[in-house]
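A.B. asks: You'll find query.tsv just under this line, and it carries TSV, C-alpha atoms.
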chain	number	residue	atom	x	y	z
A	1	MET	CA	-15.24	-39.00	-20.17
A	2	LYS	CA	-11.49	-39.73	-20.02
A	3	LYS	CA	-10.84	-36.67	-22.18
A	4	LEU	CA	-13.03	-34.58	-19.87
A	5	LEU	CA	-11.19	-35.82	-16.75
A	6	ALA	CA	-7.84	-35.26	-18.39
A	7	GLY	CA	-8.85	-31.76	-19.36
A	8	LEU	CA	-10.10	-31.06	-15.85
A	9	SER	CA	-6.85	-32.36	-14.37
A	10	CYS	CA	-4.84	-30.05	-16.62
A	11	PHE	CA	-7.06	-27.11	-15.63
A	12	LEU	CA	-6.56	-27.81	-11.91
A	13	ILE	CA	-2.80	-28.13	-12.38
A	14	ILE	CA	-2.69	-24.79	-14.23
A	15	LEU	CA	-4.90	-23.21	-11.58
A	16	GLY	CA	-2.62	-24.56	-8.86
A	17	LEU	CA	0.45	-23.19	-10.57
A	18	THR	CA	-1.23	-19.82	-10.98
A	19	ALA	CA	-2.17	-19.76	-7.28
A	20	CYS	CA	1.39	-20.60	-6.30
A	21	ASP	CA	2.67	-17.86	-8.59
A	22	SER	CA	0.29	-15.34	-6.97
A	23	ALA	CA	1.36	-16.43	-3.50
A	24	ASP	CA	4.94	-15.69	-4.45
A	25	LYS	CA	4.00	-12.14	-5.43
A	26	PRO	CA	2.16	-10.61	-2.46
A	27	SER	CA	3.39	-7.18	-3.53
A	28	GLU	CA	0.86	-7.24	-6.40
A	29	ALA	CA	-2.00	-7.03	-3.89
A	30	LYS	CA	-3.12	-3.44	-3.44
A	31	LEU	CA	-2.56	-2.05	0.05
A	32	LYS	CA	-4.98	0.60	1.27
A	33	ILE	CA	-3.63	3.50	3.32
A	34	ALA	CA	-6.09	5.80	5.08
A	35	CYS	CA	-5.06	9.45	5.31
A	36	ASN	CA	-6.53	12.92	5.63
A	37	GLU	CA	-5.97	15.74	3.15
A	38	VAL	CA	-2.66	16.71	4.74
A	39	SER	CA	-1.22	13.23	5.30
A	40	CYS	CA	-2.25	12.11	1.81
A	41	ALA	CA	-0.20	15.04	0.49
A	42	ILE	CA	2.73	13.84	2.63
A	43	ILE	CA	2.64	10.33	1.16
A	44	GLU	CA	2.07	11.25	-2.49
A	45	PRO	CA	5.69	12.26	-3.25
A	46	GLY	CA	6.75	8.83	-1.98
A	47	LEU	CA	4.43	6.77	-4.17
A	48	SER	CA	7.11	6.17	-6.80
A	49	TRP	CA	9.55	5.09	-4.09
A	50	ILE	CA	6.94	2.73	-2.68
A	51	LYS	CA	6.26	1.24	-6.13
A	52	GLN	CA	9.99	0.78	-6.76
A	53	HIS	CA	10.12	-1.23	-3.54
A	54	GLY	CA	7.49	-3.63	-4.81
A	55	LEU	CA	4.28	-2.34	-3.23
A	56	ASN	CA	1.04	-1.34	-4.90
A	57	VAL	CA	-0.86	1.13	-2.73
A	58	GLU	CA	-4.11	3.06	-2.83
A	59	LEU	CA	-4.59	6.22	-0.75
A	60	VAL	CA	-8.03	6.41	0.86
A	61	MET	CA	-8.76	9.98	1.92
A	62	MET	CA	-10.88	10.44	5.04
A	63	ASP	CA	-12.31	13.58	6.60
A	64	ASN	CA	-10.97	13.15	10.13
A	65	ASN	CA	-8.37	11.30	12.16
A	66	VAL	CA	-10.87	9.23	14.15
A	67	ASN	CA	-12.12	7.62	10.94
A	68	ILE	CA	-8.53	6.92	9.90
A	69	ILE	CA	-7.69	4.84	12.95
A	70	LYS	CA	-11.14	3.24	13.11
A	71	SER	CA	-10.70	1.99	9.56
A	72	VAL	CA	-7.27	0.53	10.39
A	73	ASN	CA	-8.58	-1.10	13.54
A	74	ASP	CA	-11.57	-2.74	11.81
A	75	GLY	CA	-9.48	-3.90	8.85
A	76	SER	CA	-11.15	-1.71	6.22
A	77	VAL	CA	-7.67	-0.46	5.30
A	78	ASP	CA	-4.20	-1.86	5.88
A	79	ALA	CA	-2.55	1.21	7.40
A	80	GLY	CA	-3.14	4.83	8.31
A	81	VAL	CA	-1.17	8.07	8.50
A	82	GLY	CA	-2.20	11.35	10.11
A	83	VAL	CA	-2.42	10.78	13.86
A	84	HIS	CA	0.17	11.06	16.61
A	85	SER	CA	1.09	8.14	18.87
A	86	LYS	CA	-0.76	9.34	21.99
A	87	PHE	CA	-3.95	9.90	20.04
A	88	MET	CA	-3.66	6.30	18.83
A	89	GLU	CA	-2.96	5.03	22.36
A	90	SER	CA	-5.99	6.90	23.69
A	91	PHE	CA	-8.11	5.26	20.99
A	92	ASN	CA	-6.76	1.83	21.97
A	93	GLN	CA	-7.66	2.38	25.62
A	94	GLN	CA	-11.16	3.63	24.94
A	95	ASN	CA	-12.06	1.13	22.22
A	96	ASN	CA	-10.03	-1.97	23.08
A	97	GLY	CA	-8.05	-1.16	19.96
A	98	LYS	CA	-5.24	-3.22	18.50
A	99	LEU	CA	-3.20	-0.49	16.86
A	100	VAL	CA	0.56	0.05	16.78
A	101	MET	CA	2.73	2.79	15.27
A	102	VAL	CA	5.64	1.29	13.36
A	103	LYS	CA	9.10	2.40	14.52
A	104	PRO	CA	11.20	4.39	13.90
A	105	TYR	CA	8.80	7.33	14.11
A	106	PRO	CA	9.52	9.84	11.32
A	107	PHE	CA	8.23	13.27	12.33
A	108	THR	CA	5.98	15.39	14.52
A	109	THR	CA	4.00	18.62	14.36
A	110	GLY	CA	3.03	21.23	16.92
A	111	ILE	CA	-0.02	23.09	18.17
A	112	GLY	CA	-0.36	26.77	18.92
A	113	PHE	CA	-2.66	29.34	20.47
A	114	TYR	CA	-3.88	31.69	17.74
A	115	SER	CA	-6.05	34.78	17.57
A	116	GLU	CA	-7.21	36.96	14.69
A	117	ARG	CA	-8.23	39.70	17.13
A	118	TYR	CA	-5.34	39.98	19.59
A	119	LYS	CA	-1.56	39.95	19.28
A	120	SER	CA	-0.55	38.92	22.79
A	121	LEU	CA	-1.83	37.16	25.90
A	122	ASP	CA	-1.82	40.48	27.78
A	123	THR	CA	-4.39	41.98	25.43
A	124	LEU	CA	-6.71	38.97	25.64
A	125	PRO	CA	-9.81	40.27	27.44
A	126	GLU	CA	-11.64	38.76	30.38
A	127	GLN	CA	-14.31	36.20	29.50
A	128	ALA	CA	-12.67	35.72	26.11
A	129	LYS	CA	-14.07	32.82	24.10
A	130	ILE	CA	-11.45	30.15	23.42
A	131	ALA	CA	-11.88	27.19	21.06
A	132	ILE	CA	-10.13	23.99	22.10
A	133	MET	CA	-10.04	20.44	20.73
A	134	ASN	CA	-12.63	18.12	22.26
A	135	ASP	CA	-10.90	14.72	22.02
A	136	ALA	CA	-9.37	13.72	25.35
A	137	MET	CA	-5.75	13.48	24.27
A	138	ASN	CA	-5.55	16.77	22.40
A	139	MET	CA	-7.62	18.65	24.97
A	140	ASP	CA	-5.05	17.54	27.57
A	141	ARG	CA	-2.24	18.73	25.30
A	142	GLY	CA	-3.91	22.10	24.68
A	143	LEU	CA	-4.67	22.73	28.35
A	144	ARG	CA	-1.07	21.99	29.31
A	145	MET	CA	0.11	24.54	26.76
A	146	LEU	CA	-2.26	27.18	28.13
A	147	GLN	CA	-1.12	26.42	31.66
A	148	SER	CA	2.53	26.83	30.63
A	149	ALA	CA	1.55	30.20	29.12
A	150	GLY	CA	0.08	31.28	32.46
A	151	LEU	CA	-3.52	31.57	31.32
A	152	ILE	CA	-4.90	28.84	33.59
A	153	GLU	CA	-3.89	26.43	36.34
A	154	LEU	CA	-4.78	22.75	36.39
A	155	ASP	CA	-5.50	20.34	39.22
A	156	LYS	CA	-2.14	19.55	40.81
A	157	THR	CA	-3.41	16.19	42.08
A	158	LYS	CA	-3.57	14.88	38.50
A	159	ASN	CA	-0.80	14.44	36.00
A	160	ASP	CA	-2.57	13.32	32.84
A	161	SER	CA	-5.87	13.34	30.93
A	162	TYR	CA	-6.72	16.90	31.87
A	163	SER	CA	-10.16	18.14	30.86
A	164	LEU	CA	-11.97	21.46	31.26
A	165	LEU	CA	-13.23	20.20	34.62
A	166	ASP	CA	-9.64	20.16	35.92
A	167	ILE	CA	-9.11	23.92	35.56
A	168	THR	CA	-8.62	25.18	39.13
A	169	LYS	CA	-7.65	28.78	38.36
A	170	ASN	CA	-8.89	30.89	35.46
A	171	PRO	CA	-7.95	34.50	36.23
A	172	LYS	CA	-9.43	35.93	33.02
A	173	GLN	CA	-12.56	33.77	33.36
A	174	LEU	CA	-11.97	32.43	29.88
A	175	GLU	CA	-14.92	30.67	28.27
A	176	PHE	CA	-13.82	27.43	26.59
A	177	ILE	CA	-15.71	26.01	23.64
A	178	ASP	CA	-14.71	22.45	22.82
A	179	MET	CA	-15.04	21.14	19.27
A	180	ASP	CA	-13.53	18.71	16.78
A	181	GLN	CA	-9.88	19.49	16.12
A	182	THR	CA	-10.55	20.20	12.43
A	183	GLN	CA	-13.04	22.92	13.40
A	184	THR	CA	-10.85	25.01	15.71
A	185	VAL	CA	-9.12	26.78	12.82
A	186	ARG	CA	-12.49	27.60	11.22
A	187	SER	CA	-13.70	29.08	14.49
A	188	LEU	CA	-10.97	31.75	14.56
A	189	GLN	CA	-13.22	34.34	12.93
A	190	ASP	CA	-15.89	33.79	15.60
A	191	VAL	CA	-13.86	33.44	18.82
A	192	ASP	CA	-11.17	35.43	20.61
A	193	GLY	CA	-8.61	32.65	20.37
A	194	ALA	CA	-8.21	28.99	19.46
A	195	VAL	CA	-5.88	26.05	20.04
A	196	VAL	CA	-5.03	24.75	16.57
A	197	PHE	CA	-2.68	22.19	15.04
A	198	PHE	CA	-0.01	23.62	12.75
A	199	THR	CA	-1.28	21.24	10.08
A	200	HIS	CA	-4.83	22.63	10.19
A	201	MET	CA	-3.54	26.20	10.02
A	202	ARG	CA	-1.46	25.31	6.96
A	203	ASN	CA	-4.38	23.47	5.38
A	204	ALA	CA	-6.56	26.57	5.83
A	205	ASN	CA	-3.92	28.70	4.08
A	206	LYS	CA	-3.10	30.53	7.30
A	207	ASP	CA	0.36	31.28	8.69
A	208	PHE	CA	1.05	28.54	11.23
A	209	ARG	CA	3.96	30.62	12.58
A	210	SER	CA	1.54	33.37	13.68
A	211	TYR	CA	0.86	31.67	17.02
A	212	ILE	CA	0.91	33.72	20.22
A	213	VAL	CA	2.34	30.71	22.08
A	214	ARG	CA	3.10	27.15	20.99
A	215	ASP	CA	3.52	23.83	22.76
A	216	LYS	CA	6.98	22.83	23.96
A	217	SER	CA	6.47	19.07	23.89
A	218	ALA	CA	5.88	18.23	20.22
A	219	ASN	CA	8.53	15.48	20.34
A	220	GLU	CA	6.32	13.59	22.78
A	221	PHE	CA	3.69	13.27	20.04
A	222	PRO	CA	5.41	11.51	17.12
A	223	MET	CA	3.49	10.73	13.96
A	224	GLY	CA	3.96	7.74	11.71
A	225	LEU	CA	2.46	4.66	10.10
A	226	VAL	CA	-0.35	3.01	12.10
A	227	VAL	CA	-1.20	-0.67	11.57
A	228	ARG	CA	-2.93	-3.44	13.47
A	229	GLN	CA	-0.74	-5.35	15.90
A	230	ASP	CA	-0.98	-8.51	13.79
A	231	ASN	CA	0.59	-6.65	10.85
A	232	THR	CA	3.60	-5.14	12.61
A	233	GLU	CA	5.96	-7.88	11.41
A	234	GLN	CA	4.73	-7.80	7.83
A	235	PRO	CA	7.51	-6.70	5.43
A	236	TRP	CA	5.15	-4.25	3.72
A	237	ALA	CA	4.54	-2.44	7.03
A	238	ASN	CA	8.26	-1.80	7.48
A	239	THR	CA	8.57	-0.71	3.84
A	240	LEU	CA	5.72	1.80	4.19
A	241	ALA	CA	7.19	3.14	7.43
A	242	GLU	CA	10.55	3.51	5.70
A	243	ALA	CA	8.83	5.40	2.87
A	244	LEU	CA	7.85	8.16	5.31
A	245	ARG	CA	11.56	8.66	6.01
A	246	SER	CA	12.62	8.45	2.36
A	247	GLU	CA	14.30	11.38	0.66
A	248	SER	CA	11.37	11.89	-1.72
A	249	VAL	CA	8.91	12.32	1.18
A	250	ARG	CA	11.35	14.56	3.08
A	251	GLN	CA	11.74	16.79	0.04
A	252	GLY	CA	7.97	16.88	-0.43
A	253	ILE	CA	7.43	17.88	3.19
A	254	THR	CA	10.06	20.63	2.90
A	255	LYS	CA	8.57	21.94	-0.34
A	256	ASN	CA	4.88	21.66	0.46
A	257	PHE	CA	4.73	22.28	4.20
A	258	ASP	CA	7.64	24.64	4.96
A	259	GLY	CA	8.32	23.70	8.56
A	260	VAL	CA	4.91	22.40	9.64
A	261	PHE	CA	6.49	18.99	10.26
A	262	GLU	CA	9.76	18.39	12.10
A	263	TYR	CA	11.74	15.18	11.52
A	264	LEU	CA	12.79	13.43	14.69
A	265	ASP	CA	16.23	12.25	13.57
Could you take the file, read its structure, and then write that structure out as structure tokens?

C.D. replies:
Amino acid sequence: MKKLLAGLSCFLIILGLTACDSADKPSEAKLKIACNEVSCAIIEPGLSWIKQHGLNVELVMMDNNVNIIKSVNDGSVDAGVGVHSKFMESFNQQNNGKLVMVKPYPFTTGIGFYSERYKSLDTLPEQAKIAIMNDAMNMDRGLRMLQSAGLIELDKTKNDSYSLLDITKNPKQLEFIDMDQTQTVRSLQDVDGAVVFFTHMRNANKDFRSYIVRDKSANEFPMGLVVRQDNTEQPWANTLAEALRSESVRQGITKNFDGVFEYLD
């Protein structure tokens, strides 16, 4: 019995030392980062940089941006990349979310009005069918762009969260079809025009510079690393955010996306 107790004591001591050793090496724990096809491609060139800075990460590809921030908010993953700050803030308001984008914000991307049938706004016919993003934040952004282009007018008594119901003047009697943001680019062959993110145009192997008009406020929609509020002070969160600004990621964005993303510094 004494030998058994002695052996057990030694085992517990070894186990305790092992636990302490593991606690001293949190970087060995695998961090999960949710991303879509585009944002995963952004991060991949920085994986070596991330590993050199002591982090072990796994990219979890998701099919849309809503699932990315939902998974961060519910703790299924540690961080997410692929959404802009206002999209995240809109999610927080509607879902009592606890998400934060880690500063400094690295880059942004734009949206444009595209058509595979017409080359200018003047040639756009009356009652043209226009695809637009159906989530509240990006619908607001798209409608503002179309108002700036002179296609519509919006309710002057409001200053945010515009929806299709807030269109007060529509001279061409445009017919708007709202859909998920990832679908607007696919709709181009079926509609007269569509509001599409540069990223989705690039991902569909289309020329994102072929827009008829583009938004003028892309800097108001920065993209970056999204985490839960209780993780904002974690060293790994700052390291991952820094990775998005690293030279390897910058070079990857320049090589693979050719102007789709614009750095904010």

A.B. asks: Within 10 Å of segment 35-55 of chain A, which residues of segment 164-206 of chain A show up? Give each one with its shortest atom-to-atom distance in Å (one decimal) and the two atoms involved, counting only C-alpha atoms, rows by chain then rising residue number, as a tab-separated table.

C.D. replies:
residue	atom	partner	partner_atom	distance
A:Thr199	CA	A:Val38	CA	7.1
A:His200	CA	A:Val38	CA	8.3
A:Arg202	CA	A:Val38	CA	9.0
A:Asn203	CA	A:Val38	CA	7.0

A.B. asks: I'd like the contact shell of Lys86 of chain A - 9 Å cut-off, only C-alpha atoms, skipping same-chain residues fewer than 5 positions apart - returned as a ChimeraX atom specification.

C.D. replies: /A:91,137-138,220-222

A.B. asks: Counting all atoms listed in the file, what is within 8 Å of Lys32 of chain A, bar same-chain residues fewer than 5 positions away, as a ChimeraX atom specification?

C.D. replies: /A:57-60,77-79

A.B. asks: Let me see the file: selected residues, C-alpha atoms, as a compact mmCIF listing (two decimals), in the coordinates of the input.

C.D. replies:
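What follows is the written file out12.txt:
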# COMPACT_ATOMS: atom_id res chain seq x y z
CA VAL A 57 -0.86 1.13 -2.73
CA GLU A 58 -4.11 3.06 -2.83
CA LEU A 59 -4.59 6.22 -0.75
CA VAL A 60 -8.03 6.41 0.86
CA VAL A 77 -7.67 -0.46 5.30
CA ASP A 78 -4.20 -1.86 5.88
CA ALA A 79 -2.55 1.21 7.40

A.B. asks: Considering only C-alpha atoms, can you say which of A:Met61, A:Val185, A:Leu151, A:Val249 comes closest to Lys206 of chain A?

C.D. replies: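 When distances to Lys206 of chain A are compared using only C-alpha atoms, the smallest one comes from A:Val185.
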
A.B. asks: Which residue is closest to Leu121 of chain A? Choose from A:Lys70, A:Lys172, A:His84, A:Arg186 and count all atoms listed in the file.

C.D. replies: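 So, comparing all the options, the nearest one is A:Lys172.
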
A.B. asks: Smallest atom-to-atom distance to Leu164 of chain A: which of A:Leu188, A:Met133, A:Ile111, A:Met62, using all atoms listed in the file?

C.D. replies: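 Closest candidate: A:Met133.
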
A.B. asks: I need every residue sitting at most 8 Å from the point (-11.4, 28.0, 27.3) (coordinates as in the file, only C-alpha atoms considered), written as a list in words.

C.D. replies: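 Those residues lying close to the given coordinates are Ala128, Lys129, Ile130, Ala131, Ile132, Leu164, Leu174, Glu175, Phe176, Ile177 and Asp178 of chain A.
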
A.B. asks: Can you list, as a list of chain:residue names, every protein, DNA or RNA residue that comes within 12 Å of Gln147 of chain A when you count only C-alpha atoms, leaving out same-chain residues fewer than 6 positions away?

C.D. replies: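 In the requested form, the answer reads A:Phe113, A:Asp140, A:Arg141, A:Glu153, A:Leu154, A:Asp155, A:Lys156, A:Tyr162, A:Leu164, A:Asp166, A:Ile167, A:Thr168, A:Lys169, A:Asn170, A:Pro171, A:Val213, A:Arg214, A:Asp215, A:Lys216.
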
A.B. asks: Write out the residues from the selection above, keeping C-alpha atoms, as a tab-separated table (two decimals), in the frame of the given file.

C.D. replies:
chain	number	residue	atom	x	y	z
A	113	PHE	CA	-2.66	29.34	20.47
A	140	ASP	CA	-5.05	17.54	27.57
A	141	ARG	CA	-2.24	18.73	25.30
A	153	GLU	CA	-3.89	26.43	36.34
A	154	LEU	CA	-4.78	22.75	36.39
A	155	ASP	CA	-5.50	20.34	39.22
A	156	LYS	CA	-2.14	19.55	40.81
A	162	TYR	CA	-6.72	16.90	31.87
A	164	LEU	CA	-11.97	21.46	31.26
A	166	ASP	CA	-9.64	20.16	35.92
A	167	ILE	CA	-9.11	23.92	35.56
A	168	THR	CA	-8.62	25.18	39.13
A	169	LYS	CA	-7.65	28.78	38.36
A	170	ASN	CA	-8.89	30.89	35.46
A	171	PRO	CA	-7.95	34.50	36.23
A	213	VAL	CA	2.34	30.71	22.08
A	214	ARG	CA	3.10	27.15	20.99
A	215	ASP	CA	3.52	23.83	22.76
A	216	LYS	CA	6.98	22.83	23.96
